[in-house]
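Structure below is my_file.cif: mmCIF, C-alpha atoms and all ligand atoms.
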```
data_model
#
loop_
_atom_site.label_atom_id
_atom_site.label_comp_id
_atom_site.auth_asym_id
_atom_site.auth_seq_id
_atom_site.Cartn_x
_atom_site.Cartn_y
_atom_site.Cartn_z
CA MET S 1 0.00 0.00 0.00
CA LYS S 2 1.01 3.58 -0.58
CA GLY S 3 1.50 6.20 2.10
CA LEU S 4 2.50 9.84 2.32
CA VAL S 5 5.69 9.83 4.37
CA CYS S 6 7.25 12.89 5.95
CA THR S 7 10.85 11.67 5.92
CA GLU S 8 12.23 14.77 7.67
CA PRO S 9 10.99 18.35 8.06
CA ASN S 10 10.06 19.84 4.65
CA ALA S 11 10.31 16.50 2.81
CA LEU S 12 7.18 14.59 1.75
CA GLU S 13 7.21 11.45 -0.37
CA LEU S 14 4.62 9.00 -1.62
CA ARG S 15 6.16 5.65 -0.75
CA ALA S 16 5.27 1.97 -0.86
CA LEU S 17 4.64 0.87 2.74
CA PRO S 18 4.58 -2.67 4.13
CA GLU S 19 1.11 -4.30 4.11
CA LEU S 20 -0.85 -3.49 7.25
CA VAL S 21 -0.68 -6.01 10.09
CA VAL S 22 -3.94 -5.81 12.07
CA PRO S 23 -3.42 -6.38 15.82
CA PRO S 24 -5.80 -8.97 17.35
CA GLY S 25 -9.22 -7.46 18.06
CA TRP S 26 -8.51 -4.30 16.06
CA VAL S 27 -10.50 -3.21 13.03
CA PRO S 28 -8.92 -2.73 9.59
CA VAL S 29 -10.17 0.40 7.84
CA ASP S 30 -9.75 1.23 4.16
CA VAL S 31 -9.13 4.97 4.24
CA ARG S 32 -11.39 7.20 2.12
CA ARG S 33 -10.70 10.77 3.29
CA VAL S 34 -8.08 12.44 5.49
CA GLY S 35 -8.45 16.01 6.71
CA ILE S 36 -5.25 18.06 6.93
CA CYS S 37 -4.85 19.73 10.31
CA GLY S 38 -2.55 22.37 11.79
CA THR S 39 -0.65 19.50 13.41
CA ASP S 40 0.02 17.96 9.98
CA TYR S 41 1.39 21.26 8.64
CA HIS S 42 3.59 21.50 11.77
CA ILE S 43 4.86 17.95 11.24
CA TYR S 44 5.75 18.90 7.67
CA THR S 45 7.47 22.17 8.61
CA GLY S 46 9.23 20.62 11.64
CA ASN S 47 7.43 22.70 14.27
CA GLN S 48 5.76 19.82 16.09
CA PRO S 49 7.55 19.18 19.41
CA PHE S 50 8.62 15.63 20.35
CA LEU S 51 8.08 14.20 16.88
CA SER S 52 10.29 11.56 15.34
CA TYR S 53 10.72 11.10 11.59
CA PRO S 54 9.94 9.41 9.27
CA ARG S 55 6.25 9.81 10.05
CA VAL S 56 2.98 9.16 8.21
CA ALA S 57 0.77 12.03 9.39
CA GLY S 58 -3.03 12.24 9.42
CA HIS S 59 -5.49 11.83 12.28
CA GLU S 60 -8.73 13.22 10.79
CA VAL S 61 -9.91 10.15 8.96
CA SER S 62 -12.94 8.44 7.51
CA GLY S 63 -13.02 5.09 5.77
CA VAL S 64 -14.85 1.82 5.38
CA VAL S 65 -14.38 -1.26 7.54
CA GLY S 66 -12.19 -3.71 5.62
CA PRO S 67 -13.77 -6.77 3.91
CA ASP S 68 -11.41 -8.99 5.94
CA TYR S 69 -12.87 -7.84 9.28
CA THR S 70 -14.34 -10.83 11.14
CA GLY S 71 -15.26 -9.24 14.50
CA ASP S 72 -18.78 -8.23 15.47
CA ALA S 73 -18.37 -4.55 16.40
CA PHE S 74 -18.87 -3.37 12.80
CA GLN S 75 -20.04 -4.61 9.42
CA PRO S 76 -17.44 -4.87 6.66
CA GLY S 77 -17.99 -1.99 4.23
CA GLU S 78 -19.67 0.41 6.65
CA LEU S 79 -18.50 4.02 6.84
CA VAL S 80 -16.64 4.85 10.05
CA LEU S 81 -14.50 7.65 11.39
CA ALA S 82 -11.66 7.59 13.87
CA ASN S 83 -11.28 8.93 17.34
CA PRO S 84 -7.50 9.04 16.85
CA TYR S 85 -6.45 9.23 20.51
CA LEU S 86 -5.28 5.85 21.80
CA SER S 87 -5.39 5.71 25.60
CA CYS S 88 -4.07 3.24 28.20
CA GLY S 89 -7.39 2.60 29.97
CA ALA S 90 -5.70 2.43 33.39
CA CYS S 91 -4.20 5.79 34.39
CA HIS S 92 -5.88 8.40 36.60
CA ALA S 93 -7.43 10.23 33.63
CA CYS S 94 -8.64 7.04 31.93
CA SER S 95 -10.12 5.77 35.24
CA ALA S 96 -11.94 9.11 35.58
CA GLY S 97 -13.52 8.78 32.13
CA LYS S 98 -11.12 11.24 30.53
CA PRO S 99 -9.10 9.19 28.02
CA ASN S 100 -8.66 12.42 26.01
CA CYS S 101 -5.94 13.41 28.51
CA CYS S 102 -4.52 9.94 29.20
CA GLU S 103 -1.04 10.08 30.76
CA THR S 104 0.40 7.98 27.94
CA ILE S 105 -1.88 9.08 25.10
CA SER S 106 -0.78 8.09 21.63
CA VAL S 107 -2.34 9.96 18.73
CA ILE S 108 -2.27 8.36 15.30
CA GLY S 109 -0.41 10.55 12.84
CA VAL S 110 1.55 12.20 15.65
CA HIS S 111 3.04 9.70 18.11
CA ARG S 112 2.61 6.77 15.71
CA ASP S 113 1.94 6.48 12.00
CA GLY S 114 -1.38 7.87 10.87
CA ALA S 115 -3.97 7.92 8.15
CA MET S 116 -2.32 9.44 5.07
CA THR S 117 -2.21 5.99 3.57
CA GLN S 118 -4.59 3.40 2.14
CA ARG S 119 -5.23 1.24 5.23
CA ILE S 120 -5.10 1.70 8.97
CA ALA S 121 -6.20 -0.36 11.98
CA LEU S 122 -7.74 0.87 15.22
CA PRO S 123 -9.34 -0.65 18.33
CA PRO S 124 -13.16 -0.85 17.95
CA GLY S 125 -13.58 1.74 20.74
CA ASN S 126 -11.71 4.28 18.61
CA LEU S 127 -14.12 4.00 15.68
CA LEU S 128 -17.55 5.60 15.35
CA ARG S 129 -20.28 4.79 12.85
CA ALA S 130 -20.74 7.57 10.29
CA ASP S 131 -23.95 6.48 8.54
CA GLY S 132 -25.85 9.48 7.20
CA LEU S 133 -22.61 11.39 6.65
CA THR S 134 -20.58 11.66 3.45
CA PRO S 135 -16.95 10.46 3.63
CA ASP S 136 -15.91 14.16 3.50
CA GLN S 137 -18.17 15.07 6.41
CA ALA S 138 -16.98 12.07 8.41
CA ALA S 139 -13.36 13.22 8.01
CA MET S 140 -14.31 16.64 9.46
CA VAL S 141 -15.77 15.26 12.70
CA GLU S 142 -12.45 15.13 14.59
CA PHE S 143 -11.50 18.79 14.33
CA LEU S 144 -15.09 19.85 15.00
CA SER S 145 -15.06 17.62 18.12
CA ILE S 146 -12.11 19.60 19.50
CA GLY S 147 -14.30 22.71 19.44
CA ARG S 148 -17.28 20.82 20.81
CA HIS S 149 -15.19 19.46 23.70
CA ALA S 150 -14.05 22.98 24.64
CA VAL S 151 -17.66 24.19 24.64
CA ALA S 152 -18.87 21.17 26.63
CA ARG S 153 -16.19 21.74 29.28
CA THR S 154 -17.11 25.41 29.55
CA HIS S 155 -20.87 24.86 30.05
CA VAL S 156 -21.81 27.85 27.93
CA VAL S 157 -24.70 29.95 29.22
CA GLY S 158 -27.46 30.70 26.67
CA GLY S 159 -27.30 34.28 25.40
CA ALA S 160 -23.91 34.90 27.05
CA PRO S 161 -21.54 37.32 25.26
CA THR S 162 -18.77 35.01 24.06
CA LEU S 163 -15.47 35.79 22.37
CA VAL S 164 -13.55 33.26 20.31
CA LEU S 165 -9.95 34.35 19.75
CA GLY S 166 -8.51 32.82 16.58
CA ALA S 167 -10.50 32.23 13.38
CA GLY S 168 -8.69 29.12 12.18
CA PRO S 169 -10.46 25.74 11.96
CA ILE S 170 -10.42 25.11 15.73
CA GLY S 171 -11.63 28.64 16.49
CA LEU S 172 -14.43 28.25 13.96
CA ALA S 173 -15.35 24.85 15.43
CA SER S 174 -15.48 26.35 18.94
CA ALA S 175 -17.57 29.28 17.67
CA LEU S 176 -20.02 27.00 15.83
CA PHE S 177 -20.65 24.78 18.85
CA ALA S 178 -20.84 27.70 21.29
CA ARG S 179 -23.52 29.17 19.02
CA ILE S 180 -25.37 25.83 18.87
CA ASP S 181 -25.46 25.94 22.70
CA GLY S 182 -27.01 29.42 22.52
CA ALA S 183 -24.03 31.70 23.15
CA ASP S 184 -23.85 35.13 21.50
CA VAL S 185 -20.55 34.59 19.70
CA THR S 186 -18.04 37.10 18.28
CA VAL S 187 -14.95 35.82 16.46
CA ALA S 188 -11.66 37.75 16.64
CA ASP S 189 -8.40 37.41 14.71
CA VAL S 190 -5.72 39.58 13.12
CA SER S 191 -6.26 38.10 9.63
CA GLU S 192 -8.91 39.89 7.56
CA THR S 193 -9.02 36.86 5.25
CA LYS S 194 -9.88 34.48 8.09
CA LEU S 195 -12.38 36.96 9.55
CA SER S 196 -14.21 37.30 6.24
CA ILE S 197 -14.62 33.50 6.14
CA ALA S 198 -16.07 33.63 9.68
CA SER S 199 -18.46 36.48 8.82
CA ASP S 200 -19.41 35.83 5.18
CA GLY S 201 -19.28 32.05 5.42
CA PHE S 202 -20.73 31.48 8.88
CA GLY S 203 -22.47 34.72 9.87
CA PHE S 204 -20.36 35.55 12.93
CA PRO S 205 -19.81 39.16 14.03
CA THR S 206 -16.05 39.68 13.90
CA LEU S 207 -13.35 41.89 15.42
CA ASN S 208 -9.98 42.54 13.82
CA LEU S 209 -7.65 42.64 16.84
CA GLY S 210 -5.01 44.44 14.77
CA ALA S 211 -7.37 47.29 13.93
CA ILE S 212 -9.13 48.05 17.23
CA ASP S 213 -8.20 49.18 20.71
CA THR S 214 -8.42 45.88 22.58
CA GLY S 215 -8.80 47.88 25.81
CA ASP S 216 -12.42 48.38 24.73
CA LEU S 217 -12.98 44.62 25.13
CA THR S 218 -11.95 44.59 28.80
CA SER S 219 -14.26 42.44 30.97
CA ARG S 220 -16.94 42.25 28.27
CA PHE S 221 -17.32 38.51 27.67
CA THR S 222 -18.85 35.84 29.92
CA HIS S 223 -16.94 33.21 27.98
CA VAL S 224 -13.62 33.63 26.21
CA PHE S 225 -12.10 30.82 24.14
CA ASP S 226 -8.54 30.94 22.88
CA ALA S 227 -7.66 29.12 19.66
CA THR S 228 -4.83 31.40 18.54
CA GLY S 229 -1.76 29.29 19.29
CA ASN S 230 -0.12 32.58 20.27
CA ILE S 231 1.18 33.08 23.81
CA LYS S 232 0.71 36.87 23.76
CA ALA S 233 -2.92 36.48 22.75
CA MET S 234 -3.40 33.75 25.38
CA ASN S 235 -2.01 35.96 28.15
CA ALA S 236 -4.05 38.96 26.96
CA GLY S 237 -7.28 36.96 26.59
CA LEU S 238 -7.87 36.96 30.36
CA PHE S 239 -8.54 40.70 30.30
CA HIS S 240 -11.56 40.21 28.00
CA VAL S 241 -13.24 37.86 30.52
CA ALA S 242 -16.19 39.39 32.41
CA HIS S 243 -16.23 39.16 36.20
CA GLY S 244 -17.52 35.71 37.08
CA GLY S 245 -16.67 34.42 33.60
CA THR S 246 -14.71 31.57 32.08
CA TYR S 247 -11.52 31.39 30.05
CA THR S 248 -10.99 28.25 27.98
CA LEU S 249 -7.64 27.55 26.35
CA VAL S 250 -8.04 25.27 23.36
CA SER S 251 -4.80 25.74 21.45
CA VAL S 252 -1.51 24.59 22.94
CA VAL S 253 1.78 26.45 22.83
CA LYS S 254 5.23 25.50 24.06
CA ASP S 255 5.51 28.50 26.36
CA THR S 256 4.57 29.78 29.82
CA LEU S 257 1.18 31.31 30.57
CA ALA S 258 1.42 34.37 32.82
CA PHE S 259 -1.44 36.36 34.31
CA PRO S 260 -1.35 39.12 36.93
CA ASP S 261 -3.08 37.44 39.86
CA PRO S 262 -5.24 40.48 40.77
CA GLU S 263 -6.74 40.40 37.25
CA PHE S 264 -7.30 36.64 37.41
CA HIS S 265 -8.60 36.73 40.97
CA LYS S 266 -10.89 39.76 40.91
CA ARG S 267 -12.94 38.08 38.18
CA GLU S 268 -13.05 34.79 40.12
CA THR S 269 -12.06 33.42 36.71
CA THR S 270 -12.77 29.81 35.88
CA LEU S 271 -9.85 28.67 33.74
CA PHE S 272 -10.15 25.58 31.56
CA ALA S 273 -7.63 23.75 29.44
CA SER S 274 -9.34 21.72 26.76
CA ARG S 275 -7.47 18.81 25.24
CA ASN S 276 -8.58 16.59 22.34
CA ALA S 277 -12.14 15.26 22.65
CA LEU S 278 -14.21 12.39 24.00
CA ASN S 279 -16.34 9.88 22.09
CA GLU S 280 -19.41 11.76 23.40
CA ASP S 281 -18.11 14.92 21.70
CA PHE S 282 -17.65 12.98 18.46
CA ARG S 283 -21.24 11.69 18.73
CA PHE S 284 -22.54 15.20 19.42
CA VAL S 285 -20.79 16.47 16.27
CA ILE S 286 -22.04 13.56 14.15
CA ASP S 287 -25.61 14.31 15.28
CA ALA S 288 -25.16 18.04 14.55
CA ILE S 289 -23.97 17.30 11.01
CA ARG S 290 -26.81 14.83 10.46
CA ALA S 291 -29.24 17.53 11.62
CA GLY S 292 -27.78 20.01 9.10
CA LYS S 293 -26.49 22.37 11.79
CA ILE S 294 -22.94 22.54 10.41
CA ASP S 295 -22.25 23.83 6.89
CA THR S 296 -19.55 21.29 6.03
CA ASP S 297 -19.51 22.44 2.38
CA ARG S 298 -18.16 25.79 3.52
CA LEU S 299 -15.63 24.20 5.88
CA GLY S 300 -14.16 22.01 3.15
CA THR S 301 -12.28 24.67 1.17
CA HIS S 302 -9.55 22.62 -0.54
CA ARG S 303 -9.08 19.04 -1.74
CA THR S 304 -6.38 16.86 -3.21
CA THR S 305 -5.31 13.23 -3.65
CA LEU S 306 -2.61 11.19 -1.93
CA THR S 307 -0.39 11.67 -5.01
CA ASP S 308 -0.98 15.42 -5.41
CA ALA S 309 -0.70 16.09 -1.67
CA VAL S 310 3.08 15.79 -2.11
CA HIS S 311 2.89 19.27 -3.71
CA ASP S 312 -0.38 20.65 -2.30
CA LEU S 313 0.30 20.11 1.40
CA PRO S 314 3.58 22.11 1.34
CA ALA S 315 1.87 24.92 -0.63
CA TRP S 316 -1.00 25.11 1.89
CA ALA S 317 1.45 24.95 4.80
CA ARG S 318 3.02 28.15 3.45
CA ASP S 319 -0.28 29.99 3.01
CA ARG S 320 -3.00 28.80 5.36
CA ASP S 321 -5.20 31.88 5.62
CA THR S 322 -7.73 30.78 2.97
CA VAL S 323 -7.57 27.09 3.94
CA VAL S 324 -10.21 26.15 6.47
CA LYS S 325 -10.16 22.41 5.86
CA ALA S 326 -8.25 20.66 3.11
CA ILE S 327 -9.16 17.05 2.46
CA ILE S 328 -7.12 14.28 0.87
CA GLU S 329 -9.14 11.81 -1.18
CA VAL S 330 -7.70 8.33 -0.87
CA ALA S 331 -8.59 5.85 -3.62
ZN ZN U 1 -6.69 17.76 13.81
ZN ZN U 2 -4.63 6.45 30.41
#
```
Hey, can you dump this file as structure tokens for me?
Ligand SMILES: [Zn+2]
Ligand SMILES: [Zn+2]
Amino acid sequence: MKGLVCTEPNALELRALPELVVPPGWVPVDVRRVGICGTDYHIYTGNQPFLSYPRVAGHEVSGVVGPDYTGDAFQPGELVLANPYLSCGACHACSAGKPNCCETISVIGVHRDGAMTQRIALPPGNLLRADGLTPDQAAMVEFLSIGRHAVARTHVVGGAPTLVLGAGPIGLASALFARIDGADVTVADVSETKLSIASDGFGFPTLNLGAIDTGDLTSRFTHVFDATGNIKAMNAGLFHVAHGGTYTLVSVVKDTLAFPDPEFHKRETTLFASRNALNEDFRFVIDAIRAGKIDTDRLGTHRTTLTDAVHDLPAWARDRDTVVKAIIEVA
């Protein structure tokens, strides 16, 4: 089988890979679509910490259960999508029902080889049925679930003024699910291109943080979500939180958060980190797509094939502003 291999930073090759060996009890999946995520661009450009090369990236995946599957969790041929976070099942987080932050989590396409290939295998508990969805839609469930998980952790209050910082795919996902839960959402970024996608494509009021006095936003929002991946924005985001409000950090940076305690304390801020997503978030997103609440046609802005991704992925990594979600079609 063929796979897209990142041999070292800035080097992608379509290579022949050894035939897949399916571990006992796992489910073979013939890959149909793979969404390209910020993580995949970082793996390509060499900005992903703790990553070893060569690596097959890809964790946003839909496919059909292989014809050779003999277990009883799924029917061969049915459309499934992956929860790509493999957890130990025994650590404190796993015992508490939070495998999304397992102490020894292993994410396909990051810590082990992923889905930019023709076949993968996963434990049955890491696959969800995607009937009623197209293969494209099914491959978008993972990144949407990241936003859904952040909103679920926050317990958004209906009608609450809510600010989502960062208008990339994860920011958009957070904004969409906060709105589904009734929040009054404004999306902020410094990229006019990304903001016009949020406003024209999805109807969100927007703020260009580069063009306004951010002091005017002080203490205005019951809920603030950060999806910027920018430490300055993450540190500044606290000031936008209303007294009694919440601050939810979705994106991760390799840096130190620093808040003045009086600012943090006087608001009695509730601070959340949100990591990955749970199967219940995936199911929530699947139901929302089935119910027509998410305009997946507008989210899927670019597409390519496994062969053409060798050129397209590097091009998109260089210029991501117009790319909401790019999808690789796997034959
Ligand atoms: Zn992703
Ligand atoms: Zn665990």
Residue with the minimum atom-to-atom distance to Asp40 (chain S), picked from S:Leu313, S:Phe143, S:Leu271, S:Phe177 with all atoms listed in the file counted, is S:Leu313
Do a neighbour search on region 272-280 of chain S at 8 Å with all atoms listed in the file, toss out local chain neighbours closer than 6 positions, and write the hits as an NGL selection string.
-> :S and (83 or 85 or 98-101 or 145-146 or 148-150 or 153-154 or 246-250)
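Based on all atoms listed in the file, the protein and nucleic acid residues found within 7 Å of ligand ZN 2 (chain U) are, by chain and then by number, S:Ser87, S:Cys88, S:Gly89, S:Ala90, S:Cys91, S:His92, S:Ala93, S:Cys94, S:Pro99, S:Cys102, S:Glu103, S:Thr104, S:Ile105.
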Using all atoms of region 320-328 of chain S that appear in the file, construct an axis-aligned enclosing box with 5 Å of padding on every side and provide its centre coordinates and edge lengths in Å, rounded to one decimal, as JSON.
```
{"center_x": -6.6, "center_y": 23.1, "center_z": 3.7, "size_x": 17.2, "size_y": 27.6, "size_z": 15.6}
```
Closest pair table for chain S residues within 8 Å of ligand ZN 1 (chain U), all atoms listed in the file, as CSV:
```
residue,atom,partner,partner_atom,distance
S:Gly35,CA,U:ZN1,ZN,7.5
S:Ile36,CA,U:ZN1,ZN,7.0
S:Cys37,CA,U:ZN1,ZN,4.4
S:Gly38,CA,U:ZN1,ZN,6.5
S:Thr39,CA,U:ZN1,ZN,6.3
S:Asp40,CA,U:ZN1,ZN,7.7
S:Gly58,CA,U:ZN1,ZN,7.9
S:His59,CA,U:ZN1,ZN,6.2
S:Glu60,CA,U:ZN1,ZN,5.8
S:Glu142,CA,U:ZN1,ZN,6.4
S:Phe143,CA,U:ZN1,ZN,4.9
```
Counting only C-alpha atoms, which of S:Arg298, S:Gly292, S:Leu144, S:Trp316 gets nearest to Ser199 (chain S)?
-> S:Arg298
Excluding Glu13 (chain S) and any residue of its chain fewer than 4 positions from it, enumerate the residues within 8 Å of it, using only C-alpha atoms, and give them as an MDAnalysis selection string.
-> chainID S and resid 4:7 310
Which residues, protein or nucleic acid, reach to within 7 Å of (-9.6, 33.5, 20.8) in the file's coordinates when using all atoms listed in the file, and can you give that as a list in words?
-> Leu163, Val164, Leu165, Gly166, Gly171, Ala188, Val224, Phe225, Asp226, Ala227 and Thr228 of chain S
Export: region 193-226 of chain S, N, CA and C atoms, as a tab-separated table (two decimals), in the first residue's frame:
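decode16.tsv was written with the following content:
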```
chain	number	residue	atom	x	y	z
S	193	THR	N	-8.58	37.98	6.08
S	193	THR	CA	-9.02	36.86	5.25
S	193	THR	C	-9.79	35.84	6.08
S	194	LYS	N	-9.21	35.46	7.22
S	194	LYS	CA	-9.88	34.48	8.09
S	194	LYS	C	-11.18	35.06	8.64
S	195	LEU	N	-11.17	36.35	8.99
S	195	LEU	CA	-12.38	36.96	9.55
S	195	LEU	C	-13.50	37.01	8.52
S	196	SER	N	-13.14	37.23	7.25
S	196	SER	CA	-14.21	37.30	6.24
S	196	SER	C	-14.83	35.92	6.02
S	197	ILE	N	-14.04	34.85	6.22
S	197	ILE	CA	-14.62	33.50	6.14
S	197	ILE	C	-15.60	33.31	7.31
S	198	ALA	N	-15.20	33.77	8.51
S	198	ALA	CA	-16.07	33.63	9.68
S	198	ALA	C	-17.36	34.44	9.53
S	199	SER	N	-17.26	35.63	8.94
S	199	SER	CA	-18.46	36.48	8.82
S	199	SER	C	-19.27	36.12	7.58
S	200	ASP	N	-18.65	36.10	6.41
S	200	ASP	CA	-19.41	35.83	5.18
S	200	ASP	C	-19.84	34.37	5.10
S	201	GLY	N	-18.97	33.47	5.55
S	201	GLY	CA	-19.28	32.05	5.42
S	201	GLY	C	-20.19	31.54	6.53
S	202	PHE	N	-20.03	32.07	7.74
S	202	PHE	CA	-20.73	31.48	8.88
S	202	PHE	C	-21.55	32.48	9.69
S	203	GLY	N	-21.57	33.74	9.26
S	203	GLY	CA	-22.47	34.72	9.87
S	203	GLY	C	-22.06	35.19	11.26
S	204	PHE	N	-20.78	35.07	11.61
S	204	PHE	CA	-20.36	35.55	12.93
S	204	PHE	C	-19.99	37.03	12.87
S	205	PRO	N	-20.39	37.84	13.88
S	205	PRO	CA	-19.81	39.16	14.03
S	205	PRO	C	-18.31	38.98	14.30
S	206	THR	N	-17.49	39.87	13.75
S	206	THR	CA	-16.05	39.68	13.90
S	206	THR	C	-15.38	40.96	14.41
S	207	LEU	N	-14.19	40.77	14.97
S	207	LEU	CA	-13.35	41.89	15.42
S	207	LEU	C	-11.95	41.65	14.88
S	208	ASN	N	-11.38	42.65	14.23
S	208	ASN	CA	-9.98	42.54	13.82
S	208	ASN	C	-9.10	43.11	14.93
S	209	LEU	N	-8.42	42.23	15.66
S	209	LEU	CA	-7.65	42.64	16.84
S	209	LEU	C	-6.49	43.56	16.48
S	210	GLY	N	-6.09	43.55	15.19
S	210	GLY	CA	-5.01	44.44	14.77
S	210	GLY	C	-5.50	45.85	14.49
S	211	ALA	N	-6.82	46.01	14.38
S	211	ALA	CA	-7.37	47.29	13.93
S	211	ALA	C	-8.19	48.01	14.99
S	212	ILE	N	-8.33	47.41	16.19
S	212	ILE	CA	-9.13	48.05	17.23
S	212	ILE	C	-8.30	48.25	18.49
S	213	ASP	N	-8.82	49.04	19.40
S	213	ASP	CA	-8.20	49.18	20.71
S	213	ASP	C	-8.75	48.06	21.59
S	214	THR	N	-7.92	47.05	21.84
S	214	THR	CA	-8.42	45.88	22.58
S	214	THR	C	-8.81	46.24	24.01
S	215	GLY	N	-8.37	47.42	24.49
S	215	GLY	CA	-8.80	47.88	25.81
S	215	GLY	C	-10.32	48.01	25.90
S	216	ASP	N	-10.96	48.26	24.75
S	216	ASP	CA	-12.42	48.38	24.73
S	216	ASP	C	-13.12	47.04	25.01
S	217	LEU	N	-12.37	45.95	24.91
S	217	LEU	CA	-12.98	44.62	25.13
S	217	LEU	C	-12.90	44.18	26.59
S	218	THR	N	-12.23	45.00	27.42
S	218	THR	CA	-11.95	44.59	28.80
S	218	THR	C	-13.22	44.17	29.54
S	219	SER	N	-13.20	42.97	30.10
S	219	SER	CA	-14.26	42.44	30.97
S	219	SER	C	-15.62	42.37	30.30
S	220	ARG	N	-15.65	42.22	28.96
S	220	ARG	CA	-16.94	42.25	28.27
S	220	ARG	C	-17.57	40.88	28.03
S	221	PHE	N	-16.81	39.80	28.14
S	221	PHE	CA	-17.32	38.51	27.67
S	221	PHE	C	-17.43	37.47	28.79
S	222	THR	N	-18.62	36.90	28.92
S	222	THR	CA	-18.85	35.84	29.92
S	222	THR	C	-17.94	34.64	29.65
S	223	HIS	N	-17.81	34.33	28.35
S	223	HIS	CA	-16.94	33.21	27.98
S	223	HIS	C	-15.92	33.69	26.95
S	224	VAL	N	-14.66	33.38	27.20
S	224	VAL	CA	-13.62	33.63	26.21
S	224	VAL	C	-12.95	32.30	25.89
S	225	PHE	N	-12.82	32.02	24.60
S	225	PHE	CA	-12.10	30.82	24.14
S	225	PHE	C	-10.86	31.28	23.39
S	226	ASP	N	-9.74	30.63	23.65
S	226	ASP	CA	-8.54	30.94	22.88
S	226	ASP	C	-8.20	29.78	21.95
```
